[in-house]
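Each remark here refers to the structure printed beneath this line.
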Amino acid sequence: MSVHVRVQAEPFDAGAQTARLSALSTHTGGVGVFVGQVRGGHGLIAMTLEHYPGMTEASLNMLAHEAVARFALTGCTLIHRVGRLEVGAGIVFVGASAPHRGAALTATSFLIDRLKTGAPFWKREEYADGRTQWVDARETDEDAARAWGLKNP
C-alpha cells in the first residue's frame, strides 16, 4: 500500500499520477480518479488557495490513510494546489487504487467529500470587475461528509 500526498503550487500531471497508481501493485484491479478544476462563471477569473503548511499535509495524510484502511486500497494519491489559479486550472487530484473497481471508485468519492470539509484550505475568488471574496463553507459539502457516517466532518 502506498500513500502519496502533496500540497504544491505547480500543476500536476493527472495521467502520470493515474499510471503510478495503476503500477503500484499486481493486486490492483481498478483505479478511481477525480480531477477538480477552477470553475468559471459569473465573471470569475481566478481563485487563490491558501493553506497552513504542515497542518494541511497532516490532514491530507490522515484522510488518505483513513481511506486506505476503510476501503482496503493498494494506493492513494492526494495532490492539492495552492496559490493563484485561473479558470480551468487543475486544483486537486484524488486517486485510489484497489483490487476491485467498486472500492477504488467509492474511496475516490469518500476522499473528495472529506477533503472539502476536512482539510484547512482557504479560497478567495477574483472577478473580472476587480471584486474579490472569500468562499464560505457550503452546507452541501458538510452534508456530503456527514453521509459517510462522520459526526464532525
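Labeling convention for the C-alpha cells: chains A, B, ... as they appear, residues from 1 per chain, ligands from 1 in order of appearance.
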
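The neighbours of region 48-57 of chain A here are the residues that come within 8 Å of it, using only C-alpha atoms and leaving out any residue fewer than 3 positions away in the same chain; they are Val5, Arg6, Val7, Leu60, Asn61, Arg81, Val82, Gly83, Arg84, Leu85, Ala119, Pro120, Phe121, Trp122, Lys123, Arg124, Glu125 and Glu126 of chain A.
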
Dump C-alpha atoms for the selected residues as a PDB file, in the first residue's frame?
```pdb
ATOM      1  CA  VAL A   5       0.258  13.366  -0.544  1.00  0.00           C
ATOM      2  CA  ARG A   6       1.452  16.730  -1.849  1.00  0.00           C
ATOM      3  CA  VAL A   7       0.450  20.360  -1.483  1.00  0.00           C
ATOM      4  CA  LEU A  60      -4.464  15.105   3.910  1.00  0.00           C
ATOM      5  CA  ASN A  61      -2.284  12.240   5.154  1.00  0.00           C
ATOM      6  CA  ARG A  81      -2.627  23.011  -5.429  1.00  0.00           C
ATOM      7  CA  VAL A  82      -2.273  26.354  -3.686  1.00  0.00           C
ATOM      8  CA  GLY A  83      -1.682  29.879  -4.930  1.00  0.00           C
ATOM      9  CA  ARG A  84      -3.492  31.781  -7.669  1.00  0.00           C
ATOM     10  CA  LEU A  85      -5.217  29.508 -10.190  1.00  0.00           C
ATOM     11  CA  ALA A 119      -8.525  19.950   5.158  1.00  0.00           C
ATOM     12  CA  PRO A 120      -7.522  23.520   6.077  1.00  0.00           C
ATOM     13  CA  PHE A 121      -7.704  25.468   2.817  1.00  0.00           C
ATOM     14  CA  TRP A 122      -8.990  29.000   2.361  1.00  0.00           C
ATOM     15  CA  LYS A 123     -10.278  30.131  -1.023  1.00  0.00           C
ATOM     16  CA  ARG A 124     -10.592  33.664  -2.345  1.00  0.00           C
ATOM     17  CA  GLU A 125     -12.374  34.279  -5.635  1.00  0.00           C
ATOM     18  CA  GLU A 126     -11.302  37.010  -8.042  1.00  0.00           C
TER      19      GLU A 126
END
```

Check your understanding: DSSP on the backbone: what in region 17-126 of chain A comes out helix (DSSP H, G or I), as JSON, numbers by chain?
Key -> {"A": [17, 18, 19, 20, 21, 22, 55, 56, 57, 58, 59, 60, 61, 62, 63, 64, 65, 66, 67, 68, 69, 70, 71, 101, 102, 103, 104, 105, 106, 107, 108, 109, 110, 111, 112, 113, 114, 115, 116, 117, 118]}

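Taking CA of Val31 (chain A) as the reference point, CA of Val3 (chain A) is found at 13.9 Å.
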
Practice item. Quick one: pick out all strand (DSSP E or B) residues within region 28-121 of chain A from a backbone DSSP run and write them as number ranges by chain. Key: A: 30-37, 41, 44-51, 75-81, 83-86, 90-98, 121

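Taking only C-alpha atoms into account, His100 (chain A) lies nearest to A:Phe71 out of the set A:Phe71, A:Arg146, A:Gln133, A:Gly40.
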
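In this model, the gap between CA of Thr26 (chain A) and CA of Val68 (chain A) comes to 16.6 Å.
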
Practice item. Kindly indicate which residue among A:Val87, A:Ala96, A:Met47, A:Leu24 lies nearest to Ala69 (chain A), using only C-alpha atoms for the distances. Key: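 Among the listed residues, the smallest separation from Ala69 (chain A) belongs to A:Ala96.
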
Exercise for review: Between A:Gly75, A:Gly95, A:Thr117, A:Ser2, single out the one closest to Ala137 (chain A), counting only C-alpha atoms.
Suggested key: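 Ranked by minimum distance to Ala137 (chain A), first place goes to A:Thr117.
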
Check your understanding: Which distance in Å separates CA of Glu10 (chain A) and CA of Gly88 (chain A), to one decimal?
Key ->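 Distance between the two atoms: 14.3 Å.
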
Determine, counting only C-alpha atoms, which protein, DNA and RNA residues have an atom within 9 Å of an atom of Trp148 (chain A); residues of the same chain fewer than 4 positions away are not included. Present the result as a PDB file with C-alpha atoms, in the first residue's frame.
```
ATOM      1  CA  PHE A 110     -15.138   9.500   0.019  1.00  0.00           C
ATOM      2  CA  ASP A 113     -16.207  14.644   0.037  1.00  0.00           C
ATOM      3  CA  ARG A 114     -13.952  14.591   3.098  1.00  0.00           C
ATOM      4  CA  ALA A 144     -21.763  15.012   1.881  1.00  0.00           C
TER       5      ALA A 144
END
```

Exercise for review: Would you please work out which residue, of A:Leu78, A:Ala145, A:Leu111, A:Ile45, is nearest to Gln8 (chain A) when using only C-alpha atoms?
Suggested key: A:Leu78

Which residues are near Thr74 (chain A)? Cut-off 7 Å, only C-alpha atoms, ignore same chain within fewer than 4 positions. Put them as a short mmCIF file (atom, residue, chain, number, x, y, z; two decimals) with C-alpha atoms, in the first residue's frame.
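Result saved to part-v5.cif:
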```
data_model
loop_
_atom_site.label_atom_id
_atom_site.label_comp_id
_atom_site.auth_asym_id
_atom_site.auth_seq_id
_atom_site.Cartn_x
_atom_site.Cartn_y
_atom_site.Cartn_z
CA MET A 1 0.00 0.00 0.00
CA SER A 2 1.28 3.44 -0.91
CA SER A 25 0.56 -3.50 -7.06
CA THR A 28 -4.74 -3.56 -8.34
CA SER A 97 -6.32 2.04 -6.47
CA ALA A 98 -7.83 -1.17 -5.16
#
```

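For the residues A:His65, A:Ser59, A:Arg101, A:Phe12, ranking by smallest atom-to-atom distance to His27 (chain A) using only C-alpha atoms places A:Arg101 first.
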
Check your understanding: Near Arg70 (chain A), counting only C-alpha atoms, which residues have an atom at most 10 Å away, once you skip same-chain residues fewer than 3 positions from it, shown as an MDAnalysis selection string?
Key -> chainID A and resid 64:67 73 103 107 110

Take the residues from that selection and put them in a file with N, CA and C atoms, as a tab-separated table (two decimals), in the first residue's frame.
```
chain	number	residue	atom	x	y	z
A	64	ALA	N	-6.06	10.26	3.69
A	64	ALA	CA	-5.59	9.20	2.79
A	64	ALA	C	-5.46	7.87	3.54
A	65	HIS	N	-4.88	7.89	4.72
A	65	HIS	CA	-4.73	6.65	5.49
A	65	HIS	C	-6.09	6.11	5.94
A	66	GLU	N	-7.02	7.01	6.25
A	66	GLU	CA	-8.37	6.57	6.61
A	66	GLU	C	-9.02	5.85	5.42
A	67	ALA	N	-8.85	6.39	4.22
A	67	ALA	CA	-9.42	5.76	3.02
A	67	ALA	C	-8.77	4.41	2.75
A	73	LEU	N	-7.40	-0.21	0.13
A	73	LEU	CA	-6.76	0.28	-1.09
A	73	LEU	C	-5.34	-0.26	-1.24
A	103	ALA	N	-14.33	-0.46	-4.86
A	103	ALA	CA	-13.60	0.15	-3.74
A	103	ALA	C	-12.83	1.38	-4.20
A	107	ALA	N	-13.84	4.96	-2.74
A	107	ALA	CA	-12.79	5.67	-1.99
A	107	ALA	C	-12.54	7.06	-2.58
A	110	PHE	N	-15.36	9.24	-1.40
A	110	PHE	CA	-15.14	9.50	0.02
A	110	PHE	C	-14.08	10.58	0.21
```
